[in-house]
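Asker: I am attaching a structure below and will ask some questions about it afterwards.
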Number of protein chains: 2
Amino acid sequence: MAGNVGDPPLFFERHVFCCVNARPPGHPRGSCREKKGDQLYDYMRGRADELGLERVRINAAGCLDRCEVGPVMVIYPEGVWYHVDTTEDVDEILRVHVMEGGRVARLMLRPETTGGEEG
Amino acid sequence: MAGNVGDPPLFFERHVFCCVNARPPGHPRGSCREKKGDQLYDYMRGRADELGLERVRINAAGCLDRCEVGPVMVIYPEGVWYHVDTTEDVDEILRVHVMEGGRVARLMLRPETTGGEEG
């Protein structure tokens with residue numbers, strides 16, 4: 001699943017990708033930006049800076065292809081996806097998942113909860 | 001390193017993030033877009049579509065914070081980073097890494113080959 005023997009160590013221990021993609025108004029799939037994904041990304045990045053998290057990167061991403069359940073983010077290397085609505089959701093993910101290595105079960109996306117084929 | 005017990009299976013078996021970030025001309029760190037990272041992303045996405053790769057996502061990303069050695073991309077869940085200059089480099093990464101699970105050693109970045117602190 002994860003790396004091959006001899007792969008370099010991870011550059012970021014946790015790499016969070018927040019979708020900030022925009023689509024035209026009225027697009028059937030919607031978009032994360034239409035649902036304020038870009039603002040949640042800005043907030044998360046600012047909070048991570050304030051918390052001084054080491055070897056963590058909060059990254060903007062283009063379309064992650066799960067628009068229907070956005071705003072979405074995915075955290076690697078574990079590959080865990082979240083639907084996020086509020087700054088409180090972001091705070092909880094930063095504290096429980098990014099800092100403590102736990103999971104925020106109420107916000108996690110299952111693989112079948114999407115996406116590309118539906119819209 | 002990887003997931004926790006009970007995590008859902010991966011949504012994408014290989015998730016490639018290509019930096020397409022632009023900075024103003026003359027910025028000391030440079031940017032991946034200035035070095036055609038966006039064109040390499042477009043090419044990679046098109047080729048992946050043509051190849052019909054299943055459960056693979058070629059994604060645009062904002063700044064990945066390794067600008068000095070760009071254009072860069074990172075492939076998760078394994079967390080392997082590449083510096084890419086040409087469409088031939090992209091083809092090799094698609095074939096050897098994404099499709100066959102190998103590594104393109106000549107293009108791989110080591111963790112110490114960067115980055116944020118230098119520029």
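Residue names in the structure tokens use chain letters A, B, ... in the order shown, residue numbers from 1 in each chain, and ligand numbers from 1 in the order shown.
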Mind checking which residues fall within 7 Å of range 48-64 of chain A, counting only C-alpha atoms, ignoring those fewer than 3 positions away in the same chain, and posting them as a ChimeraX atom specification?
Answerer: /A:12-21,41,44-45 /B:59-62,64
Asker: For all heavy atoms, I'd like the residues from the last selection saved as a CSV table (one decimal), in the first residue's frame.
Answerer:
chain,number,residue,atom,x,y,z
A,12,PHE,N,6.7,15.7,4.2
A,12,PHE,CA,5.7,16.2,5.2
A,12,PHE,C,5.1,15.0,5.9
A,12,PHE,O,4.6,14.1,5.2
A,12,PHE,CB,4.6,17.0,4.5
A,12,PHE,CG,5.1,18.3,3.8
A,12,PHE,CD1,4.9,18.4,2.4
A,12,PHE,CD2,5.7,19.3,4.5
A,12,PHE,CE1,5.3,19.6,1.8
A,12,PHE,CE2,6.1,20.5,3.8
A,12,PHE,CZ,5.9,20.6,2.5
A,13,GLU,N,5.0,15.1,7.2
A,13,GLU,CA,4.4,13.9,7.9
A,13,GLU,C,2.9,13.9,7.6
A,13,GLU,O,2.3,12.8,7.6
A,13,GLU,CB,4.7,14.0,9.4
A,13,GLU,CG,6.1,13.6,9.7
A,13,GLU,CD,6.4,13.7,11.2
A,13,GLU,OE1,5.5,13.9,12.0
A,13,GLU,OE2,7.6,13.5,11.5
A,14,ARG,N,2.3,15.1,7.5
A,14,ARG,CA,0.9,15.1,7.1
A,14,ARG,C,0.7,16.2,6.1
A,14,ARG,O,1.1,17.4,6.3
A,14,ARG,CB,0.0,15.4,8.3
A,14,ARG,CG,0.0,14.3,9.3
A,14,ARG,CD,-1.4,14.1,9.9
A,14,ARG,NE,-1.5,12.7,10.4
A,14,ARG,CZ,-1.0,12.3,11.5
A,14,ARG,NH1,-0.4,13.1,12.3
A,14,ARG,NH2,-1.1,11.0,11.9
A,15,HIS,N,0.2,15.8,4.9
A,15,HIS,CA,0.0,16.8,3.8
A,15,HIS,C,-1.5,16.8,3.5
A,15,HIS,O,-2.1,15.9,3.0
A,15,HIS,CB,0.8,16.2,2.6
A,15,HIS,CG,1.1,17.3,1.6
A,15,HIS,ND1,2.1,17.1,0.6
A,15,HIS,CD2,0.6,18.5,1.4
A,15,HIS,CE1,2.2,18.2,-0.1
A,15,HIS,NE2,1.3,19.1,0.3
A,16,VAL,N,-2.1,18.0,3.8
A,16,VAL,CA,-3.5,18.2,3.7
A,16,VAL,C,-3.8,18.9,2.4
A,16,VAL,O,-3.2,20.0,2.2
A,16,VAL,CB,-4.1,19.0,4.9
A,16,VAL,CG1,-5.6,19.2,4.8
A,16,VAL,CG2,-3.7,18.4,6.2
A,17,PHE,N,-4.7,18.4,1.6
A,17,PHE,CA,-5.1,19.1,0.3
A,17,PHE,C,-6.5,19.5,0.4
A,17,PHE,O,-7.4,18.6,0.5
A,17,PHE,CB,-4.9,18.1,-0.9
A,17,PHE,CG,-3.4,17.8,-1.1
A,17,PHE,CD1,-2.8,16.7,-0.5
A,17,PHE,CD2,-2.7,18.7,-1.9
A,17,PHE,CE1,-1.4,16.5,-0.8
A,17,PHE,CE2,-1.3,18.4,-2.2
A,17,PHE,CZ,-0.7,17.3,-1.6
A,18,CYS,N,-6.7,20.8,0.3
A,18,CYS,CA,-8.1,21.4,0.4
A,18,CYS,C,-8.5,21.8,-1.0
A,18,CYS,O,-7.8,22.6,-1.6
A,18,CYS,CB,-8.1,22.6,1.3
A,18,CYS,SG,-7.4,22.3,3.0
A,19,CYS,N,-9.7,21.3,-1.4
A,19,CYS,CA,-10.1,21.7,-2.7
A,19,CYS,C,-10.6,23.2,-2.7
A,19,CYS,O,-11.4,23.5,-1.9
A,19,CYS,CB,-11.3,20.8,-3.2
A,19,CYS,SG,-11.8,21.3,-4.9
A,20,VAL,N,-10.1,24.0,-3.6
A,20,VAL,CA,-10.5,25.4,-3.8
A,20,VAL,C,-11.1,25.6,-5.2
A,20,VAL,O,-11.2,26.8,-5.6
A,20,VAL,CB,-9.4,26.4,-3.4
A,20,VAL,CG1,-8.9,26.2,-2.0
A,20,VAL,CG2,-8.2,26.2,-4.4
A,21,ASN,N,-11.4,24.6,-5.8
A,21,ASN,CA,-11.8,24.7,-7.2
A,21,ASN,C,-13.2,25.4,-7.4
A,21,ASN,O,-14.1,25.2,-6.7
A,21,ASN,CB,-11.9,23.3,-7.9
A,21,ASN,CG,-12.1,23.4,-9.4
A,21,ASN,OD1,-11.3,24.0,-10.1
A,21,ASN,ND2,-13.2,22.8,-9.9
A,41,TYR,N,-10.0,26.7,3.5
A,41,TYR,CA,-8.6,26.5,3.3
A,41,TYR,C,-7.7,27.6,3.9
A,41,TYR,O,-6.7,27.4,4.6
A,41,TYR,CB,-8.2,26.4,1.8
A,41,TYR,CG,-6.8,26.7,1.5
A,41,TYR,CD1,-5.8,25.8,1.9
A,41,TYR,CD2,-6.5,27.8,0.8
A,41,TYR,CE1,-4.5,26.1,1.6
A,41,TYR,CE2,-5.1,28.1,0.5
A,41,TYR,CZ,-4.2,27.3,0.9
A,41,TYR,OH,-2.8,27.5,0.6
A,44,MET,N,-7.7,27.3,7.6
A,44,MET,CA,-6.9,26.1,8.1
A,44,MET,C,-5.4,26.4,8.0
A,44,MET,O,-4.7,26.1,8.9
A,44,MET,CB,-7.2,24.9,7.3
A,44,MET,CG,-6.7,23.6,7.8
A,44,MET,SD,-7.2,22.2,6.9
A,44,MET,CE,-7.0,20.9,8.1
A,45,ARG,N,-5.0,27.1,6.9
A,45,ARG,CA,-3.6,27.4,6.8
A,45,ARG,C,-3.2,28.4,7.8
A,45,ARG,O,-2.1,28.3,8.4
A,45,ARG,CB,-3.4,28.0,5.4
A,45,ARG,CG,-1.9,28.2,5.1
A,45,ARG,CD,-1.6,28.2,3.6
A,45,ARG,NE,-0.2,28.5,3.4
A,45,ARG,CZ,0.3,28.6,2.3
A,45,ARG,NH1,-0.4,28.5,1.2
A,45,ARG,NH2,1.6,28.9,2.2
B,59,ASN,N,-3.8,15.6,-10.3
B,59,ASN,CA,-4.4,16.8,-9.7
B,59,ASN,C,-3.5,18.0,-9.8
B,59,ASN,O,-2.3,17.9,-9.6
B,59,ASN,CB,-4.6,16.5,-8.2
B,59,ASN,CG,-5.9,16.9,-7.7
B,59,ASN,OD1,-6.8,16.1,-7.5
B,59,ASN,ND2,-6.1,18.2,-7.4
B,60,ALA,N,-4.1,19.1,-10.0
B,60,ALA,CA,-3.4,20.4,-9.9
B,60,ALA,C,-3.3,20.8,-8.4
B,60,ALA,O,-4.2,20.5,-7.7
B,60,ALA,CB,-4.1,21.5,-10.6
B,61,ALA,N,-2.2,21.3,-8.0
B,61,ALA,CA,-2.0,21.8,-6.7
B,61,ALA,C,-1.4,23.2,-6.6
B,61,ALA,O,-0.7,23.6,-7.5
B,61,ALA,CB,-1.0,20.8,-5.9
B,62,GLY,N,-1.7,23.9,-5.5
B,62,GLY,CA,-1.1,25.1,-5.2
B,62,GLY,C,0.4,24.8,-4.8
B,62,GLY,O,0.8,23.7,-4.8
B,64,LEU,N,3.6,23.7,-3.4
B,64,LEU,CA,4.0,22.6,-2.6
B,64,LEU,C,5.2,22.9,-1.7
B,64,LEU,O,5.8,22.0,-1.0
B,64,LEU,CB,4.3,21.4,-3.5
B,64,LEU,CG,3.0,20.8,-4.2
B,64,LEU,CD1,3.5,19.8,-5.3
B,64,LEU,CD2,2.0,20.2,-3.3
Asker: Write out chain B, as an mmCIF file with C-alpha atoms, in the first residue's frame, after superposing it onto chain A by least squares using every C-alpha atom paired in order.
Answerer:
data_model
loop_
_atom_site.group_PDB
_atom_site.id
_atom_site.type_symbol
_atom_site.label_atom_id
_atom_site.label_comp_id
_atom_site.auth_asym_id
_atom_site.auth_seq_id
_atom_site.Cartn_x
_atom_site.Cartn_y
_atom_site.Cartn_z
ATOM 1 C CA MET B 1 -0.031 0.063 -0.042
ATOM 2 C CA ALA B 2 2.512 2.596 1.124
ATOM 3 C CA GLY B 3 6.053 3.070 -0.113
ATOM 4 C CA ASN B 4 8.640 0.772 -1.658
ATOM 5 C CA VAL B 5 11.793 -0.341 0.098
ATOM 6 C CA GLY B 6 14.344 2.424 -0.267
ATOM 7 C CA ASP B 7 11.869 5.284 -0.652
ATOM 8 C CA PRO B 8 13.024 8.485 1.039
ATOM 9 C CA PRO B 9 11.320 9.427 4.312
ATOM 10 C CA LEU B 10 8.231 11.593 3.980
ATOM 11 C CA PHE B 11 8.906 15.266 3.357
ATOM 12 C CA PHE B 12 5.703 16.237 5.168
ATOM 13 C CA GLU B 13 4.406 13.943 7.881
ATOM 14 C CA ARG B 14 0.900 15.141 7.121
ATOM 15 C CA HIS B 15 -0.004 16.755 3.814
ATOM 16 C CA VAL B 16 -3.523 18.182 3.700
ATOM 17 C CA PHE B 17 -5.053 19.054 0.337
ATOM 18 C CA CYS B 18 -8.079 21.360 0.430
ATOM 19 C CA CYS B 19 -10.130 21.723 -2.731
ATOM 20 C CA VAL B 20 -10.512 25.374 -3.759
ATOM 21 C CA ASN B 21 -11.820 24.680 -7.248
ATOM 22 C CA ALA B 22 -14.443 26.944 -8.804
ATOM 23 C CA ARG B 23 -16.977 26.008 -11.456
ATOM 24 C CA PRO B 24 -19.412 28.320 -13.248
ATOM 25 C CA PRO B 25 -22.636 29.031 -11.313
ATOM 26 C CA GLY B 26 -25.287 26.416 -12.024
ATOM 27 C CA HIS B 27 -22.868 23.643 -12.933
ATOM 28 C CA PRO B 28 -24.576 20.337 -12.036
ATOM 29 C CA ARG B 29 -21.647 19.116 -9.947
ATOM 30 C CA GLY B 30 -21.311 22.336 -7.983
ATOM 31 C CA SER B 31 -17.854 23.171 -6.668
ATOM 32 C CA CYS B 32 -15.986 23.404 -3.396
ATOM 33 C CA ARG B 33 -15.344 27.121 -3.822
ATOM 34 C CA GLU B 34 -19.039 27.796 -4.287
ATOM 35 C CA LYS B 35 -19.420 26.192 -0.845
ATOM 36 C CA LYS B 36 -16.610 28.307 0.673
ATOM 37 C CA GLY B 37 -13.896 25.681 0.384
ATOM 38 C CA ASP B 38 -11.360 28.419 -0.360
ATOM 39 C CA GLN B 39 -12.243 30.298 2.837
ATOM 40 C CA LEU B 40 -11.945 27.119 4.890
ATOM 41 C CA TYR B 41 -8.539 26.491 3.312
ATOM 42 C CA ASP B 42 -7.391 30.014 4.197
ATOM 43 C CA TYR B 43 -8.588 29.535 7.755
ATOM 44 C CA MET B 44 -6.904 26.135 8.094
ATOM 45 C CA ARG B 45 -3.600 27.399 6.760
ATOM 46 C CA GLY B 46 -3.654 30.355 9.129
ATOM 47 C CA ARG B 47 -4.471 28.195 12.126
ATOM 48 C CA ALA B 48 -1.742 25.689 11.269
ATOM 49 C CA ASP B 49 0.732 28.575 11.128
ATOM 50 C CA GLU B 50 -0.442 29.891 14.467
ATOM 51 C CA LEU B 51 -0.114 26.440 15.992
ATOM 52 C CA GLY B 52 3.432 26.162 14.633
ATOM 53 C CA LEU B 53 2.863 22.666 13.277
ATOM 54 C CA GLU B 54 6.119 21.138 12.059
ATOM 55 C CA ARG B 55 6.334 19.001 8.934
ATOM 56 C CA VAL B 56 2.672 19.625 8.203
ATOM 57 C CA ARG B 57 1.556 21.278 4.981
ATOM 58 C CA ILE B 58 -1.891 22.717 4.393
ATOM 59 C CA ASN B 59 -2.156 22.870 0.614
ATOM 60 C CA ALA B 60 -4.605 24.312 -1.877
ATOM 61 C CA ALA B 61 -5.687 21.844 -4.535
ATOM 62 C CA GLY B 62 -7.576 21.912 -7.790
ATOM 63 C CA CYS B 63 -10.654 19.750 -8.267
ATOM 64 C CA LEU B 64 -10.408 16.559 -6.210
ATOM 65 C CA ASP B 65 -13.356 15.051 -8.129
ATOM 66 C CA ARG B 66 -15.713 14.669 -5.177
ATOM 67 C CA CYS B 67 -17.523 17.942 -5.804
ATOM 68 C CA GLU B 68 -20.959 16.669 -4.854
ATOM 69 C CA VAL B 69 -19.898 16.183 -1.251
ATOM 70 C CA GLY B 70 -17.713 19.302 -0.998
ATOM 71 C CA PRO B 71 -16.093 21.172 0.463
ATOM 72 C CA VAL B 72 -13.655 18.276 0.696
ATOM 73 C CA MET B 73 -10.107 17.761 1.856
ATOM 74 C CA VAL B 74 -7.839 14.721 1.883
ATOM 75 C CA ILE B 75 -4.970 14.039 4.267
ATOM 76 C CA TYR B 76 -1.979 11.988 3.106
ATOM 77 C CA PRO B 77 -0.138 9.668 3.477
ATOM 78 C CA GLU B 78 -3.137 8.048 5.160
ATOM 79 C CA GLY B 79 -5.585 9.025 2.396
ATOM 80 C CA VAL B 80 -8.417 9.995 4.729
ATOM 81 C CA TRP B 81 -11.074 12.312 3.280
ATOM 82 C CA TYR B 82 -13.243 14.828 5.079
ATOM 83 C CA HIS B 83 -16.246 16.942 4.285
ATOM 84 C CA VAL B 84 -15.880 20.266 6.079
ATOM 85 C CA ASP B 85 -18.498 22.960 6.570
ATOM 86 C CA THR B 86 -17.285 25.284 9.300
ATOM 87 C CA THR B 87 -14.187 26.669 10.970
ATOM 88 C CA GLU B 88 -15.085 24.510 13.973
ATOM 89 C CA ASP B 89 -14.841 21.448 11.700
ATOM 90 C CA VAL B 90 -11.399 22.612 10.605
ATOM 91 C CA ASP B 91 -10.283 23.126 14.203
ATOM 92 C CA GLU B 92 -11.429 19.636 15.115
ATOM 93 C CA ILE B 93 -9.569 18.053 12.181
ATOM 94 C CA LEU B 94 -6.406 19.976 13.051
ATOM 95 C CA ARG B 95 -6.544 18.947 16.683
ATOM 96 C CA VAL B 96 -7.793 15.374 16.480
ATOM 97 C CA HIS B 97 -6.311 14.174 13.184
ATOM 98 C CA VAL B 98 -3.341 16.352 12.266
ATOM 99 C CA MET B 99 -1.943 16.867 15.771
ATOM 100 C CA GLU B 100 -3.079 13.712 17.592
ATOM 101 C CA GLY B 101 -3.282 11.175 14.761
ATOM 102 C CA GLY B 102 -6.913 10.330 15.454
ATOM 103 C CA ARG B 103 -9.946 10.565 13.207
ATOM 104 C CA VAL B 104 -13.000 12.835 13.147
ATOM 105 C CA ALA B 105 -15.501 10.125 12.357
ATOM 106 C CA ARG B 106 -18.506 12.399 11.920
ATOM 107 C CA LEU B 107 -16.816 14.238 9.024
ATOM 108 C CA MET B 108 -15.051 11.352 7.269
ATOM 109 C CA LEU B 109 -16.047 10.359 3.749
ATOM 110 C CA ARG B 110 -16.449 6.741 2.755
ATOM 111 C CA PRO B 111 -15.204 5.732 -0.704
ATOM 112 C CA GLU B 112 -18.780 5.111 -1.828
ATOM 113 C CA THR B 113 -19.839 8.629 -0.762
ATOM 114 C CA THR B 114 -19.301 10.428 -4.005
ATOM 115 C CA GLY B 115 -18.902 11.569 -6.698
ATOM 116 C CA GLY B 116 -17.513 11.517 -10.176
ATOM 117 C CA GLU B 117 -20.042 9.178 -11.710
ATOM 118 C CA GLU B 118 -23.132 10.729 -10.249
ATOM 119 C CA GLY B 119 -23.133 14.238 -11.613
#
Asker: From a DSSP calculation on the backbone, collect every residue of chain B in strand (DSSP E or B) and output the set as a PyMOL selection string.
Answerer: chain B and resi 14-19+56-61+72-76+80-83+108
Asker: If DSSP is run on the backbone, what residues of range 1-114 of chain B are alpha helix (DSSP H)? A reply as a ChimeraX atom specification would be ideal.
Answerer: /B:37-51,87-92
